[in-house]
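Here the structure is laid out as structure tokens; the discussion comes afterwards.
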Amino acid sequence: MLLMRSRFAFAVITMLGLSACSPQIATHGNLVDPDALAKVEPGKSDQAVVLSLLGSPSTLGNFNEPTWYYIGQRTERQAFYRPETIERRVIYIDFEQGGTVKSIGSLDLEDGKKIAFVTRETPTAGQRVTLIKQLIGNIGRFNTDKN
């Protein structure tokens with residue numbers, strides 16, 4: 001009986017350990033359904049049709065530019081590693097001034113560019129306060145007068 005319980009416990013622990021290593025897929029943003037996007041026709045569809053088929057856009061064009069952007073990505077994370085982007089799609093829809101679809105375009109993961117971040121810090125005025133300076137600096141600053 002004890003041998004059977006220990007085998008069962010070992011099997012449960014092994015299954016839990018293996019399931020923890022399976023990748024976790026997460027979707028962020030609005031990944032547009034290709035079938036719904038195929039129903040949007042340039043020159044025929046208007047903003048109301050696009051809104052009903054694709055939903056609200058992720059963002060709008062700057063400076064009153066009549067462009068809607070639908071941005072979405074799918075990431076995969078395994079155990080404690082950083083998530084890796086496995087799919088990214090940006091669908092942009094340009095509208096004419098009357099609200100009719102002028103053109104539709106898309107960008108994917110290969111269209112993105114790697115950005116090299118600058119790790120330098122901008123110096124600020126004042127002094128860098130450490131924990132010791134904060135603790136010592138507060139000695140004697142308490143007001144004991146009660147009003």
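Numbering starts fresh at 1 for the residues of each chain in the structure tokens, the chains themselves are lettered A, B, ... in the order given, and ligands are numbered from 1 as they appear.
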- Query: Among chain A, which ones does DSSP place in strand (DSSP E), written as a ChimeraX atom specification?
  - Reply: /A:24-29,59-60,67-77,84-95,101-108
Selected residues, N, CA and C atoms, written as an mmCIF file, in the first residue's frame, please.
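File produced: selection-v4.cif:
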data_model
loop_
_atom_site.group_PDB
_atom_site.id
_atom_site.type_symbol
_atom_site.label_atom_id
_atom_site.label_comp_id
_atom_site.auth_asym_id
_atom_site.auth_seq_id
_atom_site.Cartn_x
_atom_site.Cartn_y
_atom_site.Cartn_z
ATOM 1 N N GLN A 24 3.750 28.895 -22.375
ATOM 2 C CA GLN A 24 2.515 29.636 -22.156
ATOM 3 C C GLN A 24 2.381 30.650 -23.285
ATOM 4 N N ILE A 25 1.281 30.594 -24.016
ATOM 5 C CA ILE A 25 1.029 31.491 -25.139
ATOM 6 C C ILE A 25 0.083 32.586 -24.658
ATOM 7 N N ALA A 26 0.450 33.839 -24.926
ATOM 8 C CA ALA A 26 -0.387 34.975 -24.536
ATOM 9 C C ALA A 26 -0.596 35.872 -25.756
ATOM 10 N N THR A 27 -1.809 36.378 -25.896
ATOM 11 C CA THR A 27 -2.134 37.294 -26.982
ATOM 12 C C THR A 27 -2.395 38.665 -26.392
ATOM 13 N N HIS A 28 -1.749 39.683 -26.964
ATOM 14 C CA HIS A 28 -1.905 41.056 -26.515
ATOM 15 C C HIS A 28 -2.396 41.901 -27.687
ATOM 16 N N GLY A 29 -3.289 42.806 -27.399
ATOM 17 C CA GLY A 29 -3.764 43.710 -28.440
ATOM 18 C C GLY A 29 -4.904 43.113 -29.228
ATOM 19 N N THR A 59 -5.201 52.239 -32.199
ATOM 20 C CA THR A 59 -4.820 53.644 -32.171
ATOM 21 C C THR A 59 -5.225 54.297 -33.483
ATOM 22 N N LEU A 60 -5.262 55.624 -33.465
ATOM 23 C CA LEU A 60 -5.602 56.399 -34.650
ATOM 24 C C LEU A 60 -4.371 57.142 -35.125
ATOM 25 N N THR A 67 -6.328 57.489 -40.475
ATOM 26 C CA THR A 67 -5.797 56.125 -40.522
ATOM 27 C C THR A 67 -6.086 55.427 -39.199
ATOM 28 N N TRP A 68 -6.566 54.192 -39.298
ATOM 29 C CA TRP A 68 -6.811 53.368 -38.118
ATOM 30 C C TRP A 68 -5.775 52.255 -38.089
ATOM 31 N N TYR A 69 -5.255 51.965 -36.897
ATOM 32 C CA TYR A 69 -4.258 50.909 -36.717
ATOM 33 C C TYR A 69 -4.810 49.847 -35.771
ATOM 34 N N TYR A 70 -4.682 48.599 -36.181
ATOM 35 C CA TYR A 70 -5.029 47.458 -35.345
ATOM 36 C C TYR A 70 -3.721 46.717 -35.051
ATOM 37 N N ILE A 71 -3.298 46.729 -33.788
ATOM 38 C CA ILE A 71 -1.993 46.205 -33.398
ATOM 39 C C ILE A 71 -2.191 45.020 -32.450
ATOM 40 N N GLY A 72 -1.527 43.924 -32.743
ATOM 41 C CA GLY A 72 -1.617 42.759 -31.871
ATOM 42 C C GLY A 72 -0.373 41.905 -31.983
ATOM 43 N N GLN A 73 -0.096 41.146 -30.918
ATOM 44 C CA GLN A 73 1.043 40.237 -30.947
ATOM 45 C C GLN A 73 0.757 39.026 -30.072
ATOM 46 N N ARG A 74 1.461 37.955 -30.387
ATOM 47 C CA ARG A 74 1.362 36.716 -29.627
ATOM 48 C C ARG A 74 2.759 36.402 -29.103
ATOM 49 N N THR A 75 2.844 36.134 -27.796
ATOM 50 C CA THR A 75 4.131 35.828 -27.179
ATOM 51 C C THR A 75 4.106 34.427 -26.573
ATOM 52 N N GLU A 76 5.295 33.869 -26.458
ATOM 53 C CA GLU A 76 5.451 32.540 -25.876
ATOM 54 C C GLU A 76 6.469 32.643 -24.745
ATOM 55 N N ARG A 77 6.099 32.093 -23.598
ATOM 56 C CA ARG A 77 6.992 32.122 -22.435
ATOM 57 C C ARG A 77 7.135 30.704 -21.906
ATOM 58 N N GLU A 84 9.040 35.496 -25.600
ATOM 59 C CA GLU A 84 9.538 35.690 -26.960
ATOM 60 C C GLU A 84 8.350 35.966 -27.873
ATOM 61 N N THR A 85 8.447 37.009 -28.666
ATOM 62 C CA THR A 85 7.368 37.355 -29.587
ATOM 63 C C THR A 85 7.413 36.402 -30.765
ATOM 64 N N ILE A 86 6.330 35.660 -30.967
ATOM 65 C CA ILE A 86 6.292 34.703 -32.073
ATOM 66 C C ILE A 86 5.462 35.216 -33.248
ATOM 67 N N GLU A 87 4.597 36.189 -32.998
ATOM 68 C CA GLU A 87 3.802 36.765 -34.082
ATOM 69 C C GLU A 87 3.436 38.198 -33.715
ATOM 70 N N ARG A 88 3.580 39.081 -34.678
ATOM 71 C CA ARG A 88 3.157 40.473 -34.497
ATOM 72 C C ARG A 88 2.527 40.926 -35.808
ATOM 73 N N ARG A 89 1.369 41.587 -35.696
ATOM 74 C CA ARG A 89 0.680 42.084 -36.875
ATOM 75 C C ARG A 89 0.155 43.486 -36.625
ATOM 76 N N VAL A 90 0.405 44.362 -37.556
ATOM 77 C CA VAL A 90 -0.154 45.705 -37.535
ATOM 78 C C VAL A 90 -0.934 45.870 -38.831
ATOM 79 N N ILE A 91 -2.234 46.061 -38.707
ATOM 80 C CA ILE A 91 -3.092 46.314 -39.860
ATOM 81 C C ILE A 91 -3.423 47.793 -39.852
ATOM 82 N N TYR A 92 -3.174 48.474 -40.957
ATOM 83 C CA TYR A 92 -3.534 49.887 -41.032
ATOM 84 C C TYR A 92 -4.510 50.097 -42.175
ATOM 85 N N ILE A 93 -5.515 50.905 -41.897
ATOM 86 C CA ILE A 93 -6.572 51.199 -42.868
ATOM 87 C C ILE A 93 -6.624 52.710 -43.056
ATOM 88 N N ASP A 94 -6.351 53.154 -44.286
ATOM 89 C CA ASP A 94 -6.417 54.577 -44.636
ATOM 90 C C ASP A 94 -7.813 54.882 -45.151
ATOM 91 N N PHE A 95 -8.338 56.008 -44.705
ATOM 92 C CA PHE A 95 -9.663 56.445 -45.140
ATOM 93 C C PHE A 95 -9.547 57.729 -45.955
ATOM 94 N N VAL A 101 -12.999 53.623 -47.176
ATOM 95 C CA VAL A 101 -11.682 53.006 -47.109
ATOM 96 C C VAL A 101 -10.910 53.290 -48.392
ATOM 97 N N LYS A 102 -9.711 53.857 -48.236
ATOM 98 C CA LYS A 102 -8.856 54.148 -49.390
ATOM 99 C C LYS A 102 -7.900 52.987 -49.652
ATOM 100 N N SER A 103 -7.234 52.494 -48.591
ATOM 101 C CA SER A 103 -6.300 51.380 -48.756
ATOM 102 C C SER A 103 -6.137 50.623 -47.440
ATOM 103 N N ILE A 104 -5.677 49.385 -47.564
ATOM 104 C CA ILE A 104 -5.437 48.518 -46.412
ATOM 105 C C ILE A 104 -4.022 47.979 -46.535
ATOM 106 N N GLY A 105 -3.286 47.985 -45.440
ATOM 107 C CA GLY A 105 -1.931 47.446 -45.445
ATOM 108 C C GLY A 105 -1.653 46.694 -44.165
ATOM 109 N N SER A 106 -0.574 45.930 -44.185
ATOM 110 C CA SER A 106 -0.220 45.190 -42.971
ATOM 111 C C SER A 106 1.295 45.121 -42.828
ATOM 112 N N LEU A 107 1.728 45.041 -41.591
ATOM 113 C CA LEU A 107 3.133 44.868 -41.231
ATOM 114 C C LEU A 107 3.207 43.678 -40.286
ATOM 115 N N ASP A 108 4.306 42.944 -40.343
ATOM 116 C CA ASP A 108 4.443 41.808 -39.441
ATOM 117 C C ASP A 108 5.758 41.886 -38.678
#
- Message: Could you list, as number ranges by chain, every residue within 10 Å of Phe80 of chain A, counting only C-alpha atoms and ignoring same-chain residues fewer than 2 positions away?
- Response: A: 20-21, 77-78, 82-83
- Message: Please extract the residues of chain A with a backbone DSSP assignment of helix (DSSP H, G or I) and present them as a VMD selection string.
- Response: chain A and resid 2 to 20 34 to 38 47 to 54 109 to 111 131 to 137
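Every protein or nucleic acid residue with an atom no more than 10 Å from Val50 of chain A, counting only C-alpha atoms and leaving out same-chain residues fewer than 5 positions away, appears here: A:Ala36, A:Leu37, A:Lys39, A:Val40, A:Glu41, A:Ser45, A:Gly55, A:Ser56, A:Pro57, A:Trp68, A:Ile93, A:Thr100, A:Val101.
Shell of Ala38 of chain A at 10 Å, with only C-alpha atoms counted and residues fewer than 4 places along the chain excluded, is Asp33, Pro34 and Leu53 of chain A.
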Selection file, all heavy atoms, as an mmCIF file, in the first residue's frame:
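This went into selection_26.cif:
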data_model
loop_
_atom_site.group_PDB
_atom_site.id
_atom_site.type_symbol
_atom_site.label_atom_id
_atom_site.label_comp_id
_atom_site.auth_asym_id
_atom_site.auth_seq_id
_atom_site.Cartn_x
_atom_site.Cartn_y
_atom_site.Cartn_z
ATOM 1 N N ASP A 33 -9.001 39.204 -37.334
ATOM 2 C CA ASP A 33 -9.392 37.972 -38.004
ATOM 3 C C ASP A 33 -9.247 38.171 -39.516
ATOM 4 O O ASP A 33 -9.835 39.097 -40.078
ATOM 5 C CB ASP A 33 -10.828 37.626 -37.636
ATOM 6 C CG ASP A 33 -11.316 36.347 -38.271
ATOM 7 O OD1 ASP A 33 -10.476 35.473 -38.577
ATOM 8 O OD2 ASP A 33 -12.539 36.210 -38.474
ATOM 9 N N PRO A 34 -8.480 37.321 -40.210
ATOM 10 C CA PRO A 34 -8.293 37.497 -41.651
ATOM 11 C C PRO A 34 -9.589 37.423 -42.456
ATOM 12 O O PRO A 34 -9.732 38.100 -43.474
ATOM 13 C CB PRO A 34 -7.353 36.355 -42.041
ATOM 14 C CG PRO A 34 -6.687 35.944 -40.782
ATOM 15 C CD PRO A 34 -7.658 36.245 -39.684
ATOM 16 N N LEU A 53 -16.964 45.201 -38.306
ATOM 17 C CA LEU A 53 -16.262 43.967 -38.646
ATOM 18 C C LEU A 53 -15.025 43.724 -37.780
ATOM 19 O O LEU A 53 -14.780 42.591 -37.343
ATOM 20 C CB LEU A 53 -15.828 43.990 -40.118
ATOM 21 C CG LEU A 53 -16.938 43.835 -41.151
ATOM 22 C CD1 LEU A 53 -16.389 44.057 -42.549
ATOM 23 C CD2 LEU A 53 -17.579 42.463 -41.041
#
- Query: Using only C-alpha atoms, which of A:Gln134, A:Ser6, A:Asn30, A:Gln97 sits nearest Ser58 of chain A?
  - Reply: A:Asn30
